[in-house]
$ cat run_0.cif   # mmCIF, C-alpha atoms
data_upload
loop_
_atom_site.group_PDB
_atom_site.id
_atom_site.type_symbol
_atom_site.label_atom_id
_atom_site.label_comp_id
_atom_site.auth_asym_id
_atom_site.auth_seq_id
_atom_site.Cartn_x
_atom_site.Cartn_y
_atom_site.Cartn_z
ATOM 1 C CA MET A 1 38.626 -67.786 27.213
ATOM 2 C CA PRO A 2 38.464 -64.747 29.546
ATOM 3 C CA GLU A 3 39.914 -61.451 28.344
ATOM 4 C CA LEU A 4 42.950 -59.969 30.047
ATOM 5 C CA ALA A 5 42.406 -56.729 31.943
ATOM 6 C CA GLU A 6 44.342 -53.692 30.774
ATOM 7 C CA VAL A 7 45.614 -50.700 32.710
ATOM 8 C CA GLY A 8 42.673 -48.336 33.036
ATOM 9 C CA ASP A 9 40.215 -51.210 33.610
ATOM 10 C CA PHE A 10 40.874 -51.426 37.373
ATOM 11 C CA CYS A 11 42.408 -49.496 40.280
ATOM 12 C CA PRO A 12 46.028 -50.478 41.074
ATOM 13 C CA ASN A 13 45.816 -49.051 44.624
ATOM 14 C CA ASP A 14 45.980 -52.017 47.041
ATOM 15 C CA THR A 15 44.128 -50.078 49.761
ATOM 16 C CA CYS A 16 41.162 -49.233 47.503
ATOM 17 C CA PRO A 17 37.959 -51.262 48.101
ATOM 18 C CA ASN A 18 37.708 -51.741 44.323
ATOM 19 C CA ALA A 19 41.392 -52.634 43.796
ATOM 20 C CA GLY A 20 41.826 -55.083 40.940
ATOM 21 C CA LYS A 21 38.102 -55.307 40.208
ATOM 22 C CA THR A 22 36.963 -54.759 36.642
ATOM 23 C CA ASP A 23 33.521 -53.587 35.472
ATOM 24 C CA GLU A 24 32.970 -51.419 38.568
ATOM 25 C CA ASP A 25 32.709 -48.163 36.527
ATOM 26 C CA ASN A 26 35.032 -46.474 39.024
ATOM 27 C CA ILE A 27 37.838 -45.628 36.547
ATOM 28 C CA VAL A 28 37.582 -42.478 34.423
ATOM 29 C CA LYS A 29 39.986 -40.845 31.991
ATOM 30 C CA TYR A 30 41.781 -37.948 33.674
ATOM 31 C CA GLY A 31 43.807 -36.128 31.008
ATOM 32 C CA THR A 32 47.304 -36.936 29.808
ATOM 33 C CA THR A 33 50.826 -36.732 31.203
ATOM 34 C CA ALA A 34 53.502 -34.373 29.879
ATOM 35 C CA LYS A 35 54.789 -37.300 27.822
ATOM 36 C CA GLY A 36 51.350 -37.809 26.256
ATOM 37 C CA LEU A 37 50.350 -40.931 28.202
ATOM 38 C CA GLN A 38 46.705 -41.376 29.162
ATOM 39 C CA ARG A 39 45.969 -40.705 32.860
ATOM 40 C CA TYR A 40 43.132 -42.320 34.819
ATOM 41 C CA ARG A 41 41.443 -41.612 38.153
ATOM 42 C CA CYS A 42 39.656 -44.002 40.484
ATOM 43 C CA LYS A 43 36.359 -42.482 41.654
ATOM 44 C CA THR A 44 36.419 -44.670 44.782
ATOM 45 C CA CYS A 45 39.817 -43.772 46.283
ATOM 46 C CA GLY A 46 40.768 -40.727 44.156
ATOM 47 C CA ARG A 47 44.162 -42.101 43.122
ATOM 48 C CA THR A 48 45.437 -41.155 39.672
ATOM 49 C CA PHE A 49 47.665 -43.348 37.552
ATOM 50 C CA SER A 50 48.956 -43.522 33.981
ATOM 51 C CA GLU A 51 48.615 -46.159 31.306
ATOM 52 C CA ASN A 52 52.093 -47.547 32.039
ATOM 53 C CA THR A 53 51.496 -48.046 35.788
ATOM 54 C CA GLY A 54 52.267 -51.632 36.697
ATOM 55 C CA THR A 55 54.273 -52.295 33.527
ATOM 56 C CA ILE A 56 58.006 -52.640 32.926
ATOM 57 C CA PHE A 57 57.892 -49.144 31.403
ATOM 58 C CA TYR A 58 56.731 -47.405 34.614
ATOM 59 C CA GLY A 59 59.443 -44.985 35.803
ATOM 60 C CA LEU A 60 61.619 -45.601 32.742
ATOM 61 C CA VAL A 61 63.994 -42.720 32.096
ATOM 62 C CA HIS A 62 65.829 -42.310 28.818
ATOM 63 C CA SER A 63 68.178 -39.731 27.356
ATOM 64 C CA ARG A 64 66.945 -36.841 25.277
ATOM 65 C CA ARG A 65 66.997 -37.077 21.527
ATOM 66 C CA GLY A 66 70.365 -36.132 20.119
ATOM 67 C CA ASP A 67 72.064 -36.671 23.465
ATOM 68 C CA HIS A 68 73.733 -39.970 22.602
ATOM 69 C CA ARG A 69 76.905 -40.206 24.615
ATOM 70 C CA ASP A 70 78.475 -43.168 22.893
ATOM 71 C CA PRO A 71 82.221 -43.028 23.605
ATOM 72 C CA GLY A 72 82.889 -44.695 20.265
ATOM 73 C CA THR A 73 81.640 -41.623 18.390
ATOM 74 C CA CYS A 74 83.519 -38.956 20.377
ATOM 75 C CA ARG A 75 86.777 -37.659 18.871
#

$ encode --input "run_0.cif" --output "structure tokens"
Amino acid sequence: MPELAEVGDFCPNDTCPNAGKTDEDNIVKYGTTAKGLQRYRCKTCGRTFSENTGTIFYGLVHSRRGDHRDPGTCR
């Protein structure tokens, strides 16, 4: 059974010649985001992306800790 590719194994840029290809050695770690997520860079096209690119979590925004505005708790 073939293994599933993970983010960081391939370039998600559709215009990149190596887009979607695994085992091309074109993806390198490129630091972390302010939220602590791993960043990657494609050596072929130069695009950077994070470990949640292409997932349901990409672009997710949530409230700050302690900033729960539940109307049921306000008095």

$ resolve_selection --input "run_0.cif" --expression "the PyMOL selection byres ((chain A and resi 16) around 10)" --output "list in words"
Cys11, Pro12, Asn13, Asp14, Thr15, Pro17, Asn18, Ala19, Gly20, Lys21, Cys42, Thr44, Cys45, Gly46 and Arg47 of chain A

$ atom_distance --input "run_0.cif" --atom1 "CA of Glu3 (chain A)" --atom2 "CA of Asn26 (chain A)"
19.0 Å

$ resolve_selection --input "run_0.cif" --expression "the PyMOL selection byres ((chain A and resi 54) around 12)" --output "PyMOL selection string"
chain A and resi 6-8+10-13+20+49-53+55-60

$ closest_residue --input "run_0.cif" --among "A:Thr48, A:Lys29, A:Leu37, A:Thr22" --to "Leu4 (chain A)" --atoms "only C-alpha atoms"
A:Thr22

$ residues_around --input "run_0.cif" --residues "Gly31 (chain A)" --least-positions-apart "6" --cutoff "8 Å" --atoms "all atoms listed in the file" --output "short mmCIF file (atom, residue, chain, number, x, y, z; two decimals) with C-alpha atoms, in the frame of the given file"
data_model
loop_
_atom_site.label_atom_id
_atom_site.label_comp_id
_atom_site.auth_asym_id
_atom_site.auth_seq_id
_atom_site.Cartn_x
_atom_site.Cartn_y
_atom_site.Cartn_z
CA GLN A 38 46.70 -41.38 29.16
CA ARG A 39 45.97 -40.70 32.86
CA TYR A 40 43.13 -42.32 34.82
#

$ build_atoms --input "run_0.cif" --residues "region 19-38 of chain A" --atoms "N, CA, C and O atoms" --output "mmCIF file, keeping the file's coordinate frame"
data_model
loop_
_atom_site.group_PDB
_atom_site.id
_atom_site.type_symbol
_atom_site.label_atom_id
_atom_site.label_comp_id
_atom_site.auth_asym_id
_atom_site.auth_seq_id
_atom_site.Cartn_x
_atom_site.Cartn_y
_atom_site.Cartn_z
ATOM 1 N N ALA A 19 40.085 -52.302 44.381
ATOM 2 C CA ALA A 19 41.392 -52.634 43.796
ATOM 3 C C ALA A 19 41.311 -53.945 43.016
ATOM 4 O O ALA A 19 40.830 -54.958 43.521
ATOM 5 N N GLY A 20 41.768 -53.893 41.769
ATOM 6 C CA GLY A 20 41.826 -55.083 40.940
ATOM 7 C C GLY A 20 40.504 -55.538 40.352
ATOM 8 O O GLY A 20 40.470 -56.473 39.566
ATOM 9 N N LYS A 21 39.412 -54.905 40.719
ATOM 10 C CA LYS A 21 38.102 -55.307 40.208
ATOM 11 C C LYS A 21 37.827 -54.603 38.888
ATOM 12 O O LYS A 21 38.045 -53.402 38.758
ATOM 13 N N THR A 22 37.349 -55.347 37.926
ATOM 14 C CA THR A 22 36.963 -54.759 36.642
ATOM 15 C C THR A 22 35.443 -54.596 36.608
ATOM 16 O O THR A 22 34.719 -55.157 37.434
ATOM 17 N N ASP A 23 34.961 -53.822 35.672
ATOM 18 C CA ASP A 23 33.521 -53.587 35.472
ATOM 19 C C ASP A 23 32.832 -52.959 36.681
ATOM 20 O O ASP A 23 31.680 -53.223 36.961
ATOM 21 N N GLU A 24 33.553 -52.125 37.426
ATOM 22 C CA GLU A 24 32.970 -51.419 38.568
ATOM 23 C C GLU A 24 32.593 -49.987 38.194
ATOM 24 O O GLU A 24 32.024 -49.282 39.012
ATOM 25 N N ASP A 25 32.963 -49.537 36.997
ATOM 26 C CA ASP A 25 32.709 -48.163 36.527
ATOM 27 C C ASP A 25 33.297 -47.109 37.459
ATOM 28 O O ASP A 25 32.749 -46.017 37.598
ATOM 29 N N ASN A 26 34.404 -47.439 38.126
ATOM 30 C CA ASN A 26 35.032 -46.474 39.024
ATOM 31 C C ASN A 26 36.251 -45.809 38.402
ATOM 32 O O ASN A 26 36.810 -44.907 38.990
ATOM 33 N N ILE A 27 36.666 -46.195 37.206
ATOM 34 C CA ILE A 27 37.838 -45.628 36.547
ATOM 35 C C ILE A 27 37.387 -44.690 35.433
ATOM 36 O O ILE A 27 36.584 -45.071 34.582
ATOM 37 N N VAL A 28 37.909 -43.461 35.463
ATOM 38 C CA VAL A 28 37.582 -42.478 34.423
ATOM 39 C C VAL A 28 38.876 -41.910 33.848
ATOM 40 O O VAL A 28 39.896 -41.850 34.541
ATOM 41 N N LYS A 29 38.824 -41.509 32.594
ATOM 42 C CA LYS A 29 39.986 -40.845 31.991
ATOM 43 C C LYS A 29 40.185 -39.510 32.685
ATOM 44 O O LYS A 29 39.219 -38.832 33.034
ATOM 45 N N TYR A 30 41.471 -39.142 32.876
ATOM 46 C CA TYR A 30 41.781 -37.948 33.674
ATOM 47 C C TYR A 30 42.902 -37.147 33.019
ATOM 48 O O TYR A 30 43.871 -36.769 33.652
ATOM 49 N N GLY A 31 42.814 -36.917 31.721
ATOM 50 C CA GLY A 31 43.807 -36.128 31.008
ATOM 51 C C GLY A 31 44.990 -36.958 30.553
ATOM 52 O O GLY A 31 44.923 -38.178 30.488
ATOM 53 N N THR A 32 46.091 -36.261 30.255
ATOM 54 C CA THR A 32 47.304 -36.936 29.808
ATOM 55 C C THR A 32 48.508 -36.396 30.576
ATOM 56 O O THR A 32 48.460 -35.311 31.137
ATOM 57 N N THR A 33 49.590 -37.162 30.563
ATOM 58 C CA THR A 33 50.826 -36.732 31.203
ATOM 59 C C THR A 33 51.584 -35.817 30.251
ATOM 60 O O THR A 33 51.203 -35.663 29.087
ATOM 61 N N ALA A 34 52.676 -35.235 30.729
ATOM 62 C CA ALA A 34 53.502 -34.373 29.879
ATOM 63 C C ALA A 34 54.094 -35.150 28.711
ATOM 64 O O ALA A 34 54.382 -34.580 27.665
ATOM 65 N N LYS A 35 54.252 -36.455 28.888
ATOM 66 C CA LYS A 35 54.789 -37.300 27.822
ATOM 67 C C LYS A 35 53.701 -37.801 26.876
ATOM 68 O O LYS A 35 53.973 -38.543 25.948
ATOM 69 N N GLY A 36 52.449 -37.428 27.137
ATOM 70 C CA GLY A 36 51.350 -37.809 26.256
ATOM 71 C C GLY A 36 50.669 -39.117 26.619
ATOM 72 O O GLY A 36 49.834 -39.607 25.869
ATOM 73 N N LEU A 37 50.987 -39.691 27.778
ATOM 74 C CA LEU A 37 50.350 -40.931 28.202
ATOM 75 C C LEU A 37 48.986 -40.640 28.808
ATOM 76 O O LEU A 37 48.795 -39.628 29.482
ATOM 77 N N GLN A 38 48.041 -41.527 28.590
ATOM 78 C CA GLN A 38 46.705 -41.376 29.162
ATOM 79 C C GLN A 38 46.776 -41.514 30.681
ATOM 80 O O GLN A 38 47.435 -42.398 31.199
#
